[in-house]
file run-v1.csv (CSV, N, CA and C atoms)
chain,number,residue,atom,x,y,z
A,1,MET,N,0.8,-1.2,0.0
A,1,MET,CA,0.0,0.0,0.0
A,1,MET,C,0.9,1.2,0.0
A,2,ASN,N,0.5,2.2,-0.8
A,2,ASN,CA,1.2,3.5,-0.8
A,2,ASN,C,0.5,4.4,0.2
A,3,ILE,N,1.3,5.0,1.1
A,3,ILE,CA,0.7,5.9,2.1
A,3,ILE,C,1.2,7.3,1.9
A,4,TYR,N,0.3,8.3,2.0
A,4,TYR,CA,0.6,9.7,2.0
A,4,TYR,C,0.8,10.1,3.5
A,5,ILE,N,1.9,10.8,3.7
A,5,ILE,CA,2.2,11.3,5.0
A,5,ILE,C,2.4,12.8,4.9
A,6,GLY,N,1.5,13.6,5.5
A,6,GLY,CA,1.5,15.0,5.4
A,6,GLY,C,1.7,15.8,6.7
A,7,ASN,N,1.9,17.1,6.5
A,7,ASN,CA,2.1,18.0,7.7
A,7,ASN,C,3.4,17.7,8.4
A,8,LEU,N,4.4,17.3,7.6
A,8,LEU,CA,5.7,17.0,8.2
A,8,LEU,C,6.5,18.2,8.5
A,9,ASN,N,7.3,18.1,9.6
A,9,ASN,CA,8.3,19.2,9.9
A,9,ASN,C,9.3,19.1,8.7
A,10,TYR,N,9.7,20.3,8.2
A,10,TYR,CA,10.6,20.4,7.1
A,10,TYR,C,11.9,19.8,7.3
A,11,ARG,N,12.3,19.5,8.5
A,11,ARG,CA,13.6,18.9,8.9
A,11,ARG,C,13.6,17.4,8.8
A,12,VAL,N,12.4,16.8,8.7
A,12,VAL,CA,12.2,15.3,8.8
A,12,VAL,C,12.9,14.7,7.6
A,13,ARG,N,13.7,13.6,7.8
A,13,ARG,CA,14.4,12.9,6.8
A,13,ARG,C,13.7,11.5,6.6
A,14,GLU,N,14.0,10.9,5.5
A,14,GLU,CA,13.4,9.6,5.1
A,14,GLU,C,13.8,8.6,6.2
A,15,ASP,N,15.0,8.6,6.7
A,15,ASP,CA,15.3,7.6,7.7
A,15,ASP,C,14.5,7.8,9.1
A,16,ASN,N,14.2,9.0,9.4
A,16,ASN,CA,13.3,9.3,10.6
A,16,ASN,C,12.0,8.6,10.4
A,17,LEU,N,11.4,8.8,9.2
A,17,LEU,CA,10.1,8.2,9.0
A,17,LEU,C,10.1,6.7,8.9
A,18,ARG,N,11.2,6.2,8.3
A,18,ARG,CA,11.3,4.7,8.2
A,18,ARG,C,11.3,4.1,9.6
A,19,GLY,N,12.0,4.7,10.6
A,19,GLY,CA,12.1,4.2,11.9
A,19,GLY,C,10.7,4.1,12.6
A,20,VAL,N,9.9,5.2,12.4
A,20,VAL,CA,8.6,5.2,13.0
A,20,VAL,C,7.7,4.2,12.3
A,21,LEU,N,7.7,4.1,11.0
A,21,LEU,CA,6.8,3.2,10.3
A,21,LEU,C,7.2,1.7,10.5
A,22,GLU,N,8.5,1.4,10.6
A,22,GLU,CA,8.9,0.1,10.8
A,22,GLU,C,8.4,-0.5,12.1
A,23,GLU,N,7.9,0.3,13.1
A,23,GLU,CA,7.3,-0.2,14.3
A,23,GLU,C,6.0,-1.0,13.9
A,24,TYR,N,5.4,-0.7,12.8
A,24,TYR,CA,4.2,-1.4,12.3
A,24,TYR,C,4.4,-2.5,11.3
A,25,GLY,N,5.6,-2.6,10.7
A,25,GLY,CA,5.8,-3.6,9.7
A,25,GLY,C,6.9,-3.2,8.8
A,26,ASP,N,7.1,-4.0,7.7
A,26,ASP,CA,8.1,-3.8,6.7
A,26,ASP,C,7.8,-2.5,5.9
A,27,VAL,N,8.8,-1.8,5.5
A,27,VAL,CA,8.7,-0.6,4.7
A,27,VAL,C,9.6,-0.8,3.5
A,28,ASP,N,9.0,-0.8,2.3
A,28,ASP,CA,9.7,-0.9,1.0
A,28,ASP,C,10.5,0.3,0.7
A,29,SER,N,9.8,1.5,0.8
A,29,SER,CA,10.4,2.7,0.4
A,29,SER,C,9.7,3.9,1.0
A,30,ILE,N,10.5,5.0,1.1
A,30,ILE,CA,10.0,6.3,1.6
A,30,ILE,C,10.6,7.4,0.8
A,31,LYS,N,9.7,8.3,0.4
A,31,LYS,CA,10.2,9.4,-0.5
A,31,LYS,C,9.6,10.7,0.1
A,32,VAL,N,10.5,11.5,0.7
A,32,VAL,CA,10.1,12.9,1.1
A,32,VAL,C,10.2,13.7,-0.2
A,33,ILE,N,9.1,14.4,-0.4
A,33,ILE,CA,8.9,15.2,-1.6
A,33,ILE,C,9.6,16.6,-1.4
A,34,LYS,N,10.5,16.9,-2.4
A,34,LYS,CA,11.3,18.1,-2.2
A,34,LYS,C,11.0,19.1,-3.4
A,35,ASP,N,11.2,20.4,-3.1
A,35,ASP,CA,11.1,21.4,-4.1
A,35,ASP,C,12.2,21.3,-5.1
A,36,ARG,N,11.9,21.3,-6.4
A,36,ARG,CA,12.9,21.2,-7.4
A,36,ARG,C,14.0,22.3,-7.4
A,37,ASP,N,13.6,23.5,-7.1
A,37,ASP,CA,14.5,24.6,-7.2
A,37,ASP,C,15.4,24.7,-6.0
A,38,THR,N,14.8,24.5,-4.8
A,38,THR,CA,15.6,24.8,-3.5
A,38,THR,C,16.1,23.5,-2.9
A,39,GLY,N,15.5,22.3,-3.2
A,39,GLY,CA,15.9,21.1,-2.6
A,39,GLY,C,15.3,20.9,-1.2
A,40,ARG,N,14.5,21.8,-0.8
A,40,ARG,CA,13.9,21.7,0.6
A,40,ARG,C,12.7,20.9,0.6
A,41,SER,N,12.4,20.2,1.7
A,41,SER,CA,11.2,19.4,1.8
A,41,SER,C,9.9,20.3,1.6
A,42,LYS,N,8.9,19.7,1.0
A,42,LYS,CA,7.6,20.4,0.8
A,42,LYS,C,6.7,20.1,2.0
A,43,GLY,N,7.1,19.2,2.9
A,43,GLY,CA,6.3,18.9,4.1
A,43,GLY,C,5.4,17.7,3.9
A,44,TYR,N,5.7,16.9,2.9
A,44,TYR,CA,4.9,15.6,2.8
A,44,TYR,C,5.8,14.6,2.2
A,45,ALA,N,5.3,13.3,2.3
A,45,ALA,CA,6.1,12.2,1.8
A,45,ALA,C,5.2,11.0,1.4
A,46,PHE,N,5.7,10.0,0.8
A,46,PHE,CA,5.0,8.8,0.5
A,46,PHE,C,5.8,7.6,0.9
A,47,ALA,N,5.1,6.7,1.5
A,47,ALA,CA,5.8,5.4,2.0
A,47,ALA,C,5.1,4.3,1.3
A,48,GLU,N,5.8,3.2,1.0
A,48,GLU,CA,5.3,2.0,0.4
A,48,GLU,C,5.5,0.9,1.4
A,49,MET,N,4.4,0.3,1.8
A,49,MET,CA,4.4,-0.9,2.7
A,49,MET,C,3.8,-2.1,2.0
A,50,PRO,N,4.5,-3.2,1.9
A,50,PRO,CA,4.0,-4.4,1.1
A,50,PRO,C,2.8,-5.0,1.7
A,51,ASN,N,2.6,-5.0,3.0
A,51,ASN,CA,1.5,-5.6,3.7
A,51,ASN,C,0.4,-4.6,4.0
A,52,ASP,N,-0.7,-4.8,3.4
A,52,ASP,CA,-1.8,-3.8,3.5
A,52,ASP,C,-2.3,-3.7,5.0
A,53,ASP,N,-2.4,-4.8,5.7
A,53,ASP,CA,-2.9,-4.8,7.1
A,53,ASP,C,-1.9,-4.0,7.9
A,54,GLU,N,-0.6,-4.2,7.7
A,54,GLU,CA,0.4,-3.4,8.5
A,54,GLU,C,0.3,-1.9,8.1
A,55,ALA,N,0.1,-1.7,6.9
A,55,ALA,CA,-0.1,-0.3,6.4
A,55,ALA,C,-1.3,0.4,7.1
A,56,ARG,N,-2.4,-0.3,7.1
A,56,ARG,CA,-3.6,0.2,7.8
A,56,ARG,C,-3.4,0.5,9.3
A,57,GLU,N,-2.6,-0.4,9.9
A,57,GLU,CA,-2.3,-0.2,11.3
A,57,GLU,C,-1.4,1.0,11.5
A,58,ALA,N,-0.5,1.2,10.6
A,58,ALA,CA,0.4,2.4,10.7
A,58,ALA,C,-0.4,3.7,10.5
A,59,ILE,N,-1.4,3.6,9.6
A,59,ILE,CA,-2.2,4.8,9.3
A,59,ILE,C,-3.0,5.1,10.6
A,60,SER,N,-3.7,4.1,11.1
A,60,SER,CA,-4.6,4.4,12.3
A,60,SER,C,-3.7,4.7,13.5
A,61,GLY,N,-2.5,4.1,13.6
A,61,GLY,CA,-1.7,4.4,14.8
A,61,GLY,C,-1.0,5.7,14.8
A,62,LEU,N,-0.7,6.2,13.6
A,62,LEU,CA,0.1,7.4,13.5
A,62,LEU,C,-0.6,8.7,13.1
A,63,ASN,N,-1.8,8.5,12.5
A,63,ASN,CA,-2.6,9.6,12.0
A,63,ASN,C,-2.9,10.5,13.2
A,64,GLU,N,-2.7,11.8,13.0
A,64,GLU,CA,-3.0,12.8,14.1
A,64,GLU,C,-2.1,12.7,15.3
A,65,THR,N,-1.0,12.0,15.2
A,65,THR,CA,-0.1,12.0,16.4
A,65,THR,C,1.0,13.0,16.1
A,66,ASP,N,1.7,13.5,17.2
A,66,ASP,CA,2.7,14.5,17.2
A,66,ASP,C,4.0,13.8,16.8
A,67,PHE,N,4.7,14.4,15.8
A,67,PHE,CA,6.0,13.9,15.3
A,67,PHE,C,6.8,15.1,15.0
A,68,GLU,N,7.9,15.3,15.7
A,68,GLU,CA,8.8,16.4,15.4
A,68,GLU,C,8.1,17.8,15.5
A,69,GLY,N,7.1,17.8,16.5
A,69,GLY,CA,6.4,19.1,16.7
A,69,GLY,C,5.3,19.4,15.8
A,70,ARG,N,4.9,18.5,14.9
A,70,ARG,CA,3.7,18.7,14.0
A,70,ARG,C,2.8,17.5,14.1
A,71,GLN,N,1.5,17.7,13.9
A,71,GLN,CA,0.5,16.6,13.9
A,71,GLN,C,0.4,16.0,12.5
A,72,LEU,N,0.8,14.7,12.5
A,72,LEU,CA,0.9,14.0,11.2
A,72,LEU,C,-0.5,13.8,10.6
A,73,VAL,N,-0.5,13.7,9.3
A,73,VAL,CA,-1.7,13.3,8.5
A,73,VAL,C,-1.3,12.1,7.7
A,74,LEU,N,-1.9,10.9,7.9
A,74,LEU,CA,-1.6,9.7,7.2
A,74,LEU,C,-2.9,9.2,6.6
A,75,LYS,N,-2.8,8.8,5.3
A,75,LYS,CA,-3.9,8.2,4.6
A,75,LYS,C,-3.4,7.4,3.4
A,76,GLU,N,-4.3,6.5,2.9
A,76,GLU,CA,-3.9,5.7,1.8
A,76,GLU,C,-3.8,6.7,0.6
A,77,ALA,N,-2.6,6.6,-0.1
A,77,ALA,CA,-2.4,7.5,-1.3
A,77,ALA,C,-3.2,7.0,-2.4
A,78,LEU,N,-3.9,7.9,-3.1
A,78,LEU,CA,-4.7,7.5,-4.3
A,78,LEU,C,-3.8,7.6,-5.5
A,79,PRO,N,-4.0,6.7,-6.5
A,79,PRO,CA,-3.2,6.8,-7.7
A,79,PRO,C,-3.5,8.1,-8.5
A,80,LYS,N,-2.5,8.6,-9.2
A,80,LYS,CA,-2.7,9.8,-10.0
A,80,LYS,C,-3.7,9.5,-11.1
A,81,LYS,N,-4.5,10.5,-11.4
A,81,LYS,CA,-5.4,10.4,-12.5
A,81,LYS,C,-4.9,11.0,-13.8

call {"tool": "encode", "arguments": {"input": "run-v1.csv", "output": "structure tokens"}}
result
Amino acid sequence: MNIYIGNLNYRVREDNLRGVLEEYGDVDSIKVIKDRDTGRSKGYAFAEMPNDDEAREAISGLNETDFEGRQLVLKEALPKK
């Protein structure tokens, strides 16, 4: 399952997110989205978890929790149209 992670602190790195998500299961990949011009984080990321049940647990367990001073928003990422 692909997970959208929003409202991230701009200092959060991919390895920080991986550590939190791995408490719920295996994580295939994490991609913090960055501005093309400045290289700074845009404040959101996508994570890929191979097990949908573990991904749903991560979403319910982490959504609206405090992480690095900001309240996370997690939900299943919808495919681009």

call {"tool": "residues_around", "arguments": {"input": "run-v1.csv", "residues": "Val12 of chain A", "least_positions_apart": "5", "cutoff": "8 Å", "atoms": "all atoms listed in the file", "output": "JSON, numbers by chain"}}
result
{"A": [17, 32, 41, 43, 68]}

call {"tool": "closest_residue", "arguments": {"input": "run-v1.csv", "among": "A:Ala47, A:Glu76, A:Gly69, A:Met1", "to": "Leu21 of chain A", "atoms": "only C-alpha atoms"}}
result
A:Ala47

call {"tool": "select_by_dssp", "arguments": {"input": "run-v1.csv", "residues": "chain A", "states": "helix (DSSP H, G or I)", "output": "list in words"}}
result
Glu14, Asp15, Asn16, Leu17, Arg18, Gly19, Val20, Leu21, Asp52, Asp53, Glu54, Ala55, Arg56, Glu57, Ala58, Ile59, Ser60, Gly61 and Leu62 of chain A

call {"tool": "atom_distance", "arguments": {"input": "run-v1.csv", "atom1": "atom N of Gln71 of chain A", "atom2": "atom CA of Asn9 of chain A"}}
result
8.0 Å

call {"tool": "atom_distance", "arguments": {"input": "run-v1.csv", "atom1": "atom C of Val27 of chain A", "atom2": "atom CA of Glu48 of chain A"}}
result
6.0 Å

call {"tool": "closest_residue", "arguments": {"input": "run-v1.csv", "among": "A:Lys34, A:Glu57, A:Val73, A:Leu78", "to": "Leu8 of chain A", "atoms": "only N, CA and C atoms"}}
result
A:Val73

call {"tool": "select_by_dssp", "arguments": {"input": "run-v1.csv", "residues": "chain A", "states": "strand (DSSP E)", "output": "number ranges by chain"}}
result
A: 2-6, 29-34, 41-48, 66-67, 70-71, 73-76

call {"tool": "write_last_selection", "arguments": {"input": "run-v1.csv", "atoms": "N, CA and C atoms", "output": "PDB file, in the frame of the given file"}}
result
ATOM      1  N   ASN A   2       0.500   2.200  -0.800  1.00  0.00           N
ATOM      2  CA  ASN A   2       1.200   3.500  -0.800  1.00  0.00           C
ATOM      3  C   ASN A   2       0.500   4.400   0.200  1.00  0.00           C
ATOM      4  N   ILE A   3       1.300   5.000   1.100  1.00  0.00           N
ATOM      5  CA  ILE A   3       0.700   5.900   2.100  1.00  0.00           C
ATOM      6  C   ILE A   3       1.200   7.300   1.900  1.00  0.00           C
ATOM      7  N   TYR A   4       0.300   8.300   2.000  1.00  0.00           N
ATOM      8  CA  TYR A   4       0.600   9.700   2.000  1.00  0.00           C
ATOM      9  C   TYR A   4       0.800  10.100   3.500  1.00  0.00           C
ATOM     10  N   ILE A   5       1.900  10.800   3.700  1.00  0.00           N
ATOM     11  CA  ILE A   5       2.200  11.300   5.000  1.00  0.00           C
ATOM     12  C   ILE A   5       2.400  12.800   4.900  1.00  0.00           C
ATOM     13  N   GLY A   6       1.500  13.600   5.500  1.00  0.00           N
ATOM     14  CA  GLY A   6       1.500  15.000   5.400  1.00  0.00           C
ATOM     15  C   GLY A   6       1.700  15.800   6.700  1.00  0.00           C
ATOM     16  N   SER A  29       9.800   1.500   0.800  1.00  0.00           N
ATOM     17  CA  SER A  29      10.400   2.700   0.400  1.00  0.00           C
ATOM     18  C   SER A  29       9.700   3.900   1.000  1.00  0.00           C
ATOM     19  N   ILE A  30      10.500   5.000   1.100  1.00  0.00           N
ATOM     20  CA  ILE A  30      10.000   6.300   1.600  1.00  0.00           C
ATOM     21  C   ILE A  30      10.600   7.400   0.800  1.00  0.00           C
ATOM     22  N   LYS A  31       9.700   8.300   0.400  1.00  0.00           N
ATOM     23  CA  LYS A  31      10.200   9.400  -0.500  1.00  0.00           C
ATOM     24  C   LYS A  31       9.600  10.700   0.100  1.00  0.00           C
ATOM     25  N   VAL A  32      10.500  11.500   0.700  1.00  0.00           N
ATOM     26  CA  VAL A  32      10.100  12.900   1.100  1.00  0.00           C
ATOM     27  C   VAL A  32      10.200  13.700  -0.200  1.00  0.00           C
ATOM     28  N   ILE A  33       9.100  14.400  -0.400  1.00  0.00           N
ATOM     29  CA  ILE A  33       8.900  15.200  -1.600  1.00  0.00           C
ATOM     30  C   ILE A  33       9.600  16.600  -1.400  1.00  0.00           C
ATOM     31  N   LYS A  34      10.500  16.900  -2.400  1.00  0.00           N
ATOM     32  CA  LYS A  34      11.300  18.100  -2.200  1.00  0.00           C
ATOM     33  C   LYS A  34      11.000  19.100  -3.400  1.00  0.00           C
ATOM     34  N   SER A  41      12.400  20.200   1.700  1.00  0.00           N
ATOM     35  CA  SER A  41      11.200  19.400   1.800  1.00  0.00           C
ATOM     36  C   SER A  41       9.900  20.300   1.600  1.00  0.00           C
ATOM     37  N   LYS A  42       8.900  19.700   1.000  1.00  0.00           N
ATOM     38  CA  LYS A  42       7.600  20.400   0.800  1.00  0.00           C
ATOM     39  C   LYS A  42       6.700  20.100   2.000  1.00  0.00           C
ATOM     40  N   GLY A  43       7.100  19.200   2.900  1.00  0.00           N
ATOM     41  CA  GLY A  43       6.300  18.900   4.100  1.00  0.00           C
ATOM     42  C   GLY A  43       5.400  17.700   3.900  1.00  0.00           C
ATOM     43  N   TYR A  44       5.700  16.900   2.900  1.00  0.00           N
ATOM     44  CA  TYR A  44       4.900  15.600   2.800  1.00  0.00           C
ATOM     45  C   TYR A  44       5.800  14.600   2.200  1.00  0.00           C
ATOM     46  N   ALA A  45       5.300  13.300   2.300  1.00  0.00           N
ATOM     47  CA  ALA A  45       6.100  12.200   1.800  1.00  0.00           C
ATOM     48  C   ALA A  45       5.200  11.000   1.400  1.00  0.00           C
ATOM     49  N   PHE A  46       5.700  10.000   0.800  1.00  0.00           N
ATOM     50  CA  PHE A  46       5.000   8.800   0.500  1.00  0.00           C
ATOM     51  C   PHE A  46       5.800   7.600   0.900  1.00  0.00           C
ATOM     52  N   ALA A  47       5.100   6.700   1.500  1.00  0.00           N
ATOM     53  CA  ALA A  47       5.800   5.400   2.000  1.00  0.00           C
ATOM     54  C   ALA A  47       5.100   4.300   1.300  1.00  0.00           C
ATOM     55  N   GLU A  48       5.800   3.200   1.000  1.00  0.00           N
ATOM     56  CA  GLU A  48       5.300   2.000   0.400  1.00  0.00           C
ATOM     57  C   GLU A  48       5.500   0.900   1.400  1.00  0.00           C
ATOM     58  N   ASP A  66       1.700  13.500  17.200  1.00  0.00           N
ATOM     59  CA  ASP A  66       2.700  14.500  17.200  1.00  0.00           C
ATOM     60  C   ASP A  66       4.000  13.800  16.800  1.00  0.00           C
ATOM     61  N   PHE A  67       4.700  14.400  15.800  1.00  0.00           N
ATOM     62  CA  PHE A  67       6.000  13.900  15.300  1.00  0.00           C
ATOM     63  C   PHE A  67       6.800  15.100  15.000  1.00  0.00           C
ATOM     64  N   ARG A  70       4.900  18.500  14.900  1.00  0.00           N
ATOM     65  CA  ARG A  70       3.700  18.700  14.000  1.00  0.00           C
ATOM     66  C   ARG A  70       2.800  17.500  14.100  1.00  0.00           C
ATOM     67  N   GLN A  71       1.500  17.700  13.900  1.00  0.00           N
ATOM     68  CA  GLN A  71       0.500  16.600  13.900  1.00  0.00           C
ATOM     69  C   GLN A  71       0.400  16.000  12.500  1.00  0.00           C
ATOM     70  N   VAL A  73      -0.500  13.700   9.300  1.00  0.00           N
ATOM     71  CA  VAL A  73      -1.700  13.300   8.500  1.00  0.00           C
ATOM     72  C   VAL A  73      -1.300  12.100   7.700  1.00  0.00           C
ATOM     73  N   LEU A  74      -1.900  10.900   7.900  1.00  0.00           N
ATOM     74  CA  LEU A  74      -1.600   9.700   7.200  1.00  0.00           C
ATOM     75  C   LEU A  74      -2.900   9.200   6.600  1.00  0.00           C
ATOM     76  N   LYS A  75      -2.800   8.800   5.300  1.00  0.00           N
ATOM     77  CA  LYS A  75      -3.900   8.200   4.600  1.00  0.00           C
ATOM     78  C   LYS A  75      -3.400   7.400   3.400  1.00  0.00           C
ATOM     79  N   GLU A  76      -4.300   6.500   2.900  1.00  0.00           N
ATOM     80  CA  GLU A  76      -3.900   5.700   1.800  1.00  0.00           C
ATOM     81  C   GLU A  76      -3.800   6.700   0.600  1.00  0.00           C
TER      82      GLU A  76
END

call {"tool": "closest_residue", "arguments": {"input": "run-v1.csv", "among": "A:Asn7, A:Arg70, A:Gly25, A:Asn16", "to": "Ala58 of chain A", "atoms": "all atoms listed in the file"}}
result
A:Gly25

call {"tool": "atom_distance", "arguments": {"input": "run-v1.csv", "atom1": "atom CA of Asn2 of chain A", "atom2": "atom CA of Met49 of chain A"}}
result
6.5 Å

call {"tool": "residues_around", "arguments": {"input": "run-v1.csv", "residues": "Ile33 of chain A", "least_positions_apart": "5", "cutoff": "6.5 Å", "atoms": "all atoms listed in the file", "output": "CSV table (one decimal) with N, CA and C atoms, keeping the file's coordinate frame"}}
result
chain,number,residue,atom,x,y,z
A,40,ARG,N,14.5,21.8,-0.8
A,40,ARG,CA,13.9,21.7,0.6
A,40,ARG,C,12.7,20.9,0.6
A,41,SER,N,12.4,20.2,1.7
A,41,SER,CA,11.2,19.4,1.8
A,41,SER,C,9.9,20.3,1.6
A,42,LYS,N,8.9,19.7,1.0
A,42,LYS,CA,7.6,20.4,0.8
A,42,LYS,C,6.7,20.1,2.0
A,43,GLY,N,7.1,19.2,2.9
A,43,GLY,CA,6.3,18.9,4.1
A,43,GLY,C,5.4,17.7,3.9
A,44,TYR,N,5.7,16.9,2.9
A,44,TYR,CA,4.9,15.6,2.8
A,44,TYR,C,5.8,14.6,2.2
A,45,ALA,N,5.3,13.3,2.3
A,45,ALA,CA,6.1,12.2,1.8
A,45,ALA,C,5.2,11.0,1.4
A,46,PHE,N,5.7,10.0,0.8
A,46,PHE,CA,5.0,8.8,0.5
A,46,PHE,C,5.8,7.6,0.9
